[in-house]
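Enquirer: Dropping in input30.tsv, with TSV, C-alpha atoms and all ligand atoms.
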```
chain	number	residue	atom	x	y	z
A	24	MET	CA	-16.63	-4.62	-31.24
A	25	LYS	CA	-13.02	-5.17	-30.31
A	26	CYS	CA	-12.95	-1.76	-28.65
A	27	THR	CA	-16.07	-2.60	-26.64
A	28	SER	CA	-14.58	-5.86	-25.42
A	29	PHE	CA	-11.35	-4.08	-24.49
A	30	LEU	CA	-13.12	-1.39	-22.50
A	31	VAL	CA	-15.35	-3.93	-20.73
A	32	ALA	CA	-12.26	-5.93	-19.76
A	33	CYS	CA	-10.57	-2.79	-18.43
A	34	ALA	CA	-13.67	-1.76	-16.51
A	35	THR	CA	-13.85	-5.23	-14.96
A	36	LEU	CA	-10.21	-5.02	-13.91
A	37	SER	CA	-10.81	-1.59	-12.44
A	38	ALA	CA	-13.90	-2.72	-10.55
A	39	SER	CA	-12.09	-5.76	-9.12
A	40	SER	CA	-9.36	-3.62	-7.61
A	41	ALA	CA	-10.86	-3.85	-4.13
A	42	ALA	CA	-7.37	-5.09	-3.39
A	43	ARG	CA	-5.10	-2.85	-1.37
A	44	ASP	CA	-1.39	-2.32	-1.98
A	45	ALA	CA	1.54	-1.52	0.26
A	46	TYR	CA	5.05	-0.74	-1.00
A	47	TRP	CA	7.90	-1.57	1.38
A	48	SER	CA	10.29	1.20	0.46
A	49	PRO	CA	14.05	0.70	0.79
A	50	ALA	CA	14.08	4.24	2.22
A	51	ASP	CA	12.14	2.78	5.15
A	52	GLY	CA	14.41	-0.25	5.48
A	53	GLY	CA	12.25	-2.37	3.18
A	54	ASN	CA	13.04	-4.69	0.29
A	55	GLY	CA	11.43	-2.67	-2.50
A	56	HIS	CA	8.67	-5.24	-2.89
A	57	LEU	CA	5.00	-4.47	-3.37
A	58	TYR	CA	2.36	-6.40	-1.39
A	59	ARG	CA	-1.29	-6.72	-2.32
A	60	ALA	CA	-4.17	-7.94	-0.14
A	61	ILE	CA	-6.84	-9.59	-2.27
A	62	PRO	CA	-10.23	-10.41	-0.76
A	63	ALA	CA	-12.08	-13.56	-1.84
A	64	ARG	CA	-15.49	-13.07	-0.30
A	65	ASP	CA	-16.76	-16.63	-0.92
A	66	GLY	CA	-13.59	-18.26	0.39
A	67	ILE	CA	-10.58	-19.58	-1.51
A	68	ILE	CA	-8.39	-22.66	-1.13
A	69	TRP	CA	-4.63	-22.19	-0.75
A	70	GLU	CA	-3.71	-23.69	-4.13
A	71	ASP	CA	-6.12	-21.39	-5.98
A	72	ALA	CA	-4.70	-18.38	-4.13
A	73	ARG	CA	-1.17	-19.52	-5.05
A	74	ASP	CA	-2.12	-19.92	-8.72
A	75	LEU	CA	-3.89	-16.54	-8.87
A	76	ALA	CA	-0.84	-14.85	-7.33
A	77	GLN	CA	1.40	-16.42	-9.98
A	78	ALA	CA	-1.02	-15.48	-12.76
A	79	ARG	CA	-0.76	-11.86	-11.62
A	80	GLY	CA	3.05	-11.96	-11.81
A	81	GLY	CA	3.69	-12.38	-8.09
A	82	TYR	CA	3.57	-15.06	-5.44
A	83	LEU	CA	1.85	-15.69	-2.12
A	84	ALA	CA	3.74	-13.51	0.36
A	85	THR	CA	6.86	-14.95	1.92
A	86	LEU	CA	7.41	-13.35	5.32
A	87	THR	CA	11.01	-14.22	6.02
A	88	SER	CA	11.73	-11.77	8.85
A	89	ALA	CA	9.95	-10.16	11.78
A	90	ALA	CA	10.23	-6.82	9.98
A	91	GLU	CA	8.53	-8.17	6.85
A	92	ASN	CA	5.87	-9.95	8.92
A	93	ASP	CA	5.14	-6.76	10.85
A	94	PHE	CA	5.07	-4.59	7.70
A	95	VAL	CA	2.62	-6.84	5.85
A	96	PHE	CA	0.41	-7.28	8.90
A	97	ASP	CA	0.35	-3.61	9.88
A	98	GLN	CA	-0.14	-2.27	6.35
A	99	LEU	CA	-2.52	-4.86	4.91
A	100	ALA	CA	-3.44	-7.99	6.83
A	101	SER	CA	-4.69	-6.17	9.93
A	102	ASN	CA	-7.72	-5.03	7.93
A	103	ALA	CA	-10.56	-6.85	9.70
A	104	SER	CA	-12.53	-7.20	6.45
A	105	LEU	CA	-9.93	-9.76	5.29
A	106	TRP	CA	-10.62	-12.05	8.25
A	107	THR	CA	-13.28	-14.73	8.72
A	108	LEU	CA	-14.99	-14.58	12.12
A	109	GLY	CA	-12.18	-12.28	13.23
A	110	THR	CA	-9.95	-15.34	13.60
A	111	TYR	CA	-9.00	-16.74	10.20
A	112	GLY	CA	-6.70	-14.35	8.34
A	113	PRO	CA	-5.26	-14.28	4.80
A	114	TRP	CA	-3.27	-17.08	3.18
A	115	LEU	CA	0.52	-16.71	3.03
A	116	GLY	CA	3.13	-18.46	0.87
A	117	GLY	CA	4.18	-21.21	3.28
A	118	PHE	CA	3.34	-24.88	2.83
A	119	GLN	CA	4.31	-28.17	4.43
A	120	THR	CA	5.25	-31.48	2.86
A	121	PRO	CA	2.22	-33.71	3.55
A	122	GLY	CA	2.59	-36.57	6.00
A	123	MET	CA	5.27	-35.09	8.30
A	124	ARG	CA	5.06	-36.49	11.84
A	125	ASP	CA	6.26	-33.26	13.44
A	126	PRO	CA	3.87	-30.38	12.63
A	127	SER	CA	6.81	-27.95	12.55
A	128	GLU	CA	8.92	-29.96	10.09
A	129	GLY	CA	8.95	-29.85	6.30
A	130	TRP	CA	7.81	-26.26	5.78
A	131	SER	CA	8.85	-24.28	2.68
A	132	TRP	CA	8.17	-20.96	1.01
A	133	VAL	CA	6.69	-20.98	-2.49
A	134	THR	CA	9.78	-19.07	-3.69
A	135	GLY	CA	12.29	-21.54	-2.23
A	136	GLU	CA	13.59	-18.87	0.15
A	137	SER	CA	15.12	-20.21	3.36
A	138	TRP	CA	12.60	-21.24	6.02
A	139	SER	CA	14.10	-19.80	9.21
A	140	PHE	CA	11.99	-16.99	10.70
A	141	THR	CA	8.61	-18.15	11.98
A	142	ALA	CA	5.76	-16.44	13.83
A	143	TRP	CA	3.69	-19.40	14.98
A	144	GLY	CA	0.85	-18.65	17.35
A	145	VAL	CA	0.62	-20.27	20.77
A	146	GLY	CA	0.29	-24.04	20.33
A	147	GLU	CA	0.89	-23.85	16.56
A	148	PRO	CA	1.68	-25.55	14.29
A	149	ASN	CA	-0.38	-28.40	15.65
A	150	ASP	CA	-1.89	-30.45	12.81
A	151	ALA	CA	-5.09	-30.13	14.78
A	152	LEU	CA	-7.01	-32.05	12.14
A	153	GLY	CA	-4.39	-34.70	11.42
A	154	ALA	CA	-0.90	-34.67	9.93
A	155	ALA	CA	-2.16	-34.68	6.36
A	156	ASP	CA	-4.64	-31.89	6.89
A	157	GLU	CA	-2.89	-28.74	8.10
A	158	THR	CA	-0.25	-28.04	5.48
A	159	PHE	CA	-0.87	-24.40	4.54
A	160	LEU	CA	0.11	-21.13	6.21
A	161	HIS	CA	-2.10	-18.19	7.12
A	162	PHE	CA	-2.41	-15.36	9.65
A	163	ASP	CA	-4.37	-16.47	12.66
A	164	ASN	CA	-5.11	-15.49	16.24
A	165	VAL	CA	-6.91	-18.36	17.91
A	166	LEU	CA	-5.05	-18.28	21.22
A	167	ASP	CA	-2.42	-15.62	21.07
A	168	THR	CA	-3.29	-11.98	20.48
A	169	PRO	CA	-6.22	-9.60	20.31
A	170	ILE	CA	-8.26	-9.83	17.10
A	171	PRO	CA	-6.77	-9.92	14.55
A	172	GLY	CA	-3.26	-11.18	15.29
A	173	ARG	CA	0.02	-11.17	13.43
A	174	MET	CA	0.80	-14.79	14.29
A	175	TRP	CA	0.63	-17.84	12.04
A	176	ASN	CA	-1.36	-21.04	11.97
A	177	ASP	CA	-1.01	-24.23	9.96
A	178	TYR	CA	-4.41	-24.81	8.40
A	179	GLN	CA	-6.29	-26.85	5.84
A	180	ASN	CA	-8.52	-26.16	2.88
A	181	ALA	CA	-11.66	-28.18	3.43
A	182	GLY	CA	-13.95	-28.97	6.31
A	183	GLY	CA	-13.19	-25.88	8.33
A	184	THR	CA	-13.93	-22.17	8.33
A	185	PRO	CA	-12.94	-20.79	4.91
A	186	VAL	CA	-10.11	-18.32	4.43
A	187	THR	CA	-11.42	-15.28	2.55
A	188	ALA	CA	-8.29	-13.37	1.48
A	189	PHE	CA	-4.66	-13.78	0.46
A	190	ILE	CA	-1.54	-11.63	0.30
A	191	VAL	CA	0.48	-11.40	-2.92
A	192	GLU	CA	4.09	-10.21	-3.04
A	193	PHE	CA	5.67	-8.67	-6.15
A	194	ASN	CA	9.44	-8.25	-6.50
A	195	THR	CA	8.78	-5.23	-8.69
A	196	PRO	CA	5.77	-2.92	-8.55
A	197	ALA	CA	2.80	-4.59	-10.27
A	198	PRO	CA	0.12	-2.94	-12.39
A	199	GLY	CA	-2.08	-1.09	-9.95
A	200	PRO	CA	-5.25	1.01	-10.14
A	201	LEU	CA	-3.24	3.94	-11.57
A	202	LEU	CA	-1.85	1.91	-14.47
A	203	ILE	CA	-5.22	0.24	-15.13
A	204	SER	CA	-6.84	3.69	-15.27
A	205	THR	CA	-4.16	4.83	-17.69
A	206	ILE	CA	-4.83	1.81	-19.94
A	207	LEU	CA	-8.58	2.46	-19.73
A	208	ILE	CA	-8.25	6.14	-20.62
A	209	GLY	CA	-5.73	5.36	-23.39
A	210	GLY	CA	-8.04	2.67	-24.77
A	211	SER	CA	-11.00	5.06	-24.83
A	212	VAL	CA	-9.00	7.65	-26.79
A	213	PHE	CA	-7.77	5.00	-29.24
A	214	CYS	CA	-11.29	3.63	-29.77
A	215	ARG	CA	-12.80	7.09	-30.36
A	216	ARG	CA	-10.10	7.87	-32.96
A	217	HIS	CA	-10.52	4.44	-34.57
A	218	GLN	CA	-14.31	4.84	-34.80
A	219	ARG	CA	-14.02	8.27	-36.44
A	220	ARG	CA	-11.99	6.71	-39.26
A	221	GLU	CA	-14.59	4.03	-39.95
A	301	CA	CA	9.14	-11.88	1.00
A	302	CA	CA	-3.10	-25.43	13.27
```
Transcribe the structure of this file into structure tokens.
Ligand SMILES: [Ca+2]
Ligand SMILES: [Ca+2]

Expert:
Amino acid sequence: MKCTSFLVACATLSASSAARDAYWSPADGGNGHLYRAIPARDGIIWEDARDLAQARGGYLATLTSAAENDFVFDQLASNASLWTLGTYGPWLGGFQTPGMRDPSEGWSWVTGESWSFTAWGVGEPNDALGAADETFLHFDNVLDTPIPGRMWNDYQNAGGTPVTAFIVEFNTPAPGPLLISTILIGGSVFCRRHQRRE
């Protein structure tokens, strides 16, 4: 019974790996971090994406340089299947203190890294729905670039078009499809041996 549950759990993990990974190699000038694009077909609010990223051992991606922004966009976020209506791209790890009068003030990264580089789209951030409403960061292209774009928008959770993906960053390589397969195969072997002894 325990073996069955284990294998079902592994199979579920394997099946849910519609996520795509990209490793930013130091040999290519990168930071050695792994990035993962995770689709959420029915839409996901920013806080849930943040919590899921943490539960997986990472964090919503912090794009602190043009090079990192370009890498994550080109390798992962440019996948049109991650965008809603071709306009609303994946959540990122930036958030704003609610209630700021200036839409560009009070932004932070979930990791506490310095907020200096930005890639705001034309006219963004704009608190288009009110100062308390647009406090989360995502890729967006409303006015700036061909679909999809590598620019940012300040956005809100409710009342608008849902965001249907998020990007997770891992400081060290996270368990991927290869490791999950290894666990699954190893578990099968263990269960077969265990059952023979019973
Ligand atoms: Ca980062
Ligand atoms: Ca906005």

Enquirer: Please compute the atom CA of A:Ala45-atom CA of A:Leu57 distance, one decimal, in Å.

Expert: 5.8 Å

Enquirer: Within 12 Å of ligand CA 302 (chain A), which residues of chain A come that close, and what is the closest atom pair and distance in Å for each? Count all atoms listed in the file and give it as JSON lines.

Expert:
```
{"residue": "A:Tyr111", "atom": "CA", "partner": "A:CA302", "partner_atom": "CA", "distance": 10.9}
{"residue": "A:Gln119", "atom": "CA", "partner": "A:CA302", "partner_atom": "CA", "distance": 11.9}
{"residue": "A:Pro126", "atom": "CA", "partner": "A:CA302", "partner_atom": "CA", "distance": 8.6}
{"residue": "A:Ser127", "atom": "CA", "partner": "A:CA302", "partner_atom": "CA", "distance": 10.3}
{"residue": "A:Trp143", "atom": "CA", "partner": "A:CA302", "partner_atom": "CA", "distance": 9.2}
{"residue": "A:Gly144", "atom": "CA", "partner": "A:CA302", "partner_atom": "CA", "distance": 8.8}
{"residue": "A:Val145", "atom": "CA", "partner": "A:CA302", "partner_atom": "CA", "distance": 9.8}
{"residue": "A:Gly146", "atom": "CA", "partner": "A:CA302", "partner_atom": "CA", "distance": 8.0}
{"residue": "A:Glu147", "atom": "CA", "partner": "A:CA302", "partner_atom": "CA", "distance": 5.4}
{"residue": "A:Pro148", "atom": "CA", "partner": "A:CA302", "partner_atom": "CA", "distance": 4.9}
{"residue": "A:Asn149", "atom": "CA", "partner": "A:CA302", "partner_atom": "CA", "distance": 4.7}
{"residue": "A:Asp150", "atom": "CA", "partner": "A:CA302", "partner_atom": "CA", "distance": 5.2}
{"residue": "A:Ala151", "atom": "CA", "partner": "A:CA302", "partner_atom": "CA", "distance": 5.3}
{"residue": "A:Leu152", "atom": "CA", "partner": "A:CA302", "partner_atom": "CA", "distance": 7.8}
{"residue": "A:Gly153", "atom": "CA", "partner": "A:CA302", "partner_atom": "CA", "distance": 9.5}
{"residue": "A:Ala154", "atom": "CA", "partner": "A:CA302", "partner_atom": "CA", "distance": 10.1}
{"residue": "A:Ala155", "atom": "CA", "partner": "A:CA302", "partner_atom": "CA", "distance": 11.6}
{"residue": "A:Asp156", "atom": "CA", "partner": "A:CA302", "partner_atom": "CA", "distance": 9.2}
{"residue": "A:Glu157", "atom": "CA", "partner": "A:CA302", "partner_atom": "CA", "distance": 6.1}
{"residue": "A:Thr158", "atom": "CA", "partner": "A:CA302", "partner_atom": "CA", "distance": 8.7}
{"residue": "A:Phe159", "atom": "CA", "partner": "A:CA302", "partner_atom": "CA", "distance": 9.1}
{"residue": "A:Leu160", "atom": "CA", "partner": "A:CA302", "partner_atom": "CA", "distance": 8.9}
{"residue": "A:His161", "atom": "CA", "partner": "A:CA302", "partner_atom": "CA", "distance": 9.6}
{"residue": "A:Phe162", "atom": "CA", "partner": "A:CA302", "partner_atom": "CA", "distance": 10.7}
{"residue": "A:Asp163", "atom": "CA", "partner": "A:CA302", "partner_atom": "CA", "distance": 9.1}
{"residue": "A:Asn164", "atom": "CA", "partner": "A:CA302", "partner_atom": "CA", "distance": 10.6}
{"residue": "A:Val165", "atom": "CA", "partner": "A:CA302", "partner_atom": "CA", "distance": 9.3}
{"residue": "A:Leu166", "atom": "CA", "partner": "A:CA302", "partner_atom": "CA", "distance": 10.9}
{"residue": "A:Met174", "atom": "CA", "partner": "A:CA302", "partner_atom": "CA", "distance": 11.4}
{"residue": "A:Trp175", "atom": "CA", "partner": "A:CA302", "partner_atom": "CA", "distance": 8.5}
{"residue": "A:Asn176", "atom": "CA", "partner": "A:CA302", "partner_atom": "CA", "distance": 4.9}
{"residue": "A:Asp177", "atom": "CA", "partner": "A:CA302", "partner_atom": "CA", "distance": 4.1}
{"residue": "A:Tyr178", "atom": "CA", "partner": "A:CA302", "partner_atom": "CA", "distance": 5.1}
{"residue": "A:Gln179", "atom": "CA", "partner": "A:CA302", "partner_atom": "CA", "distance": 8.2}
{"residue": "A:Asn180", "atom": "CA", "partner": "A:CA302", "partner_atom": "CA", "distance": 11.7}
{"residue": "A:Gly183", "atom": "CA", "partner": "A:CA302", "partner_atom": "CA", "distance": 11.2}
```

Enquirer: As a quick test: using only C-alpha atoms and all ligand atoms, which residues lie no more than 6 Å away from ligand CA 301 (chain A)? Give them as a list in words.

Expert: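 The neighbouring residues of ligand CA 301 (chain A) are, in order, Ala84, Thr85, Leu86 and Thr87 of chain A.
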
Enquirer: Quick one: pull the distance between atom CA of A:Trp130 and atom CA of A:Asn92, Å, one decimal.

Expert: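 Distance between the two atoms: 16.7 Å.
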
Enquirer: Counting all atoms listed in the file, select every polymer residue within 12 Å of (0.1, -20.4, -5.0) as defined in the file's coordinates, and provide the selection as a PyMOL selection string.

Expert: chain A and resi 67-85+114-118+132-134+159-160+189-192
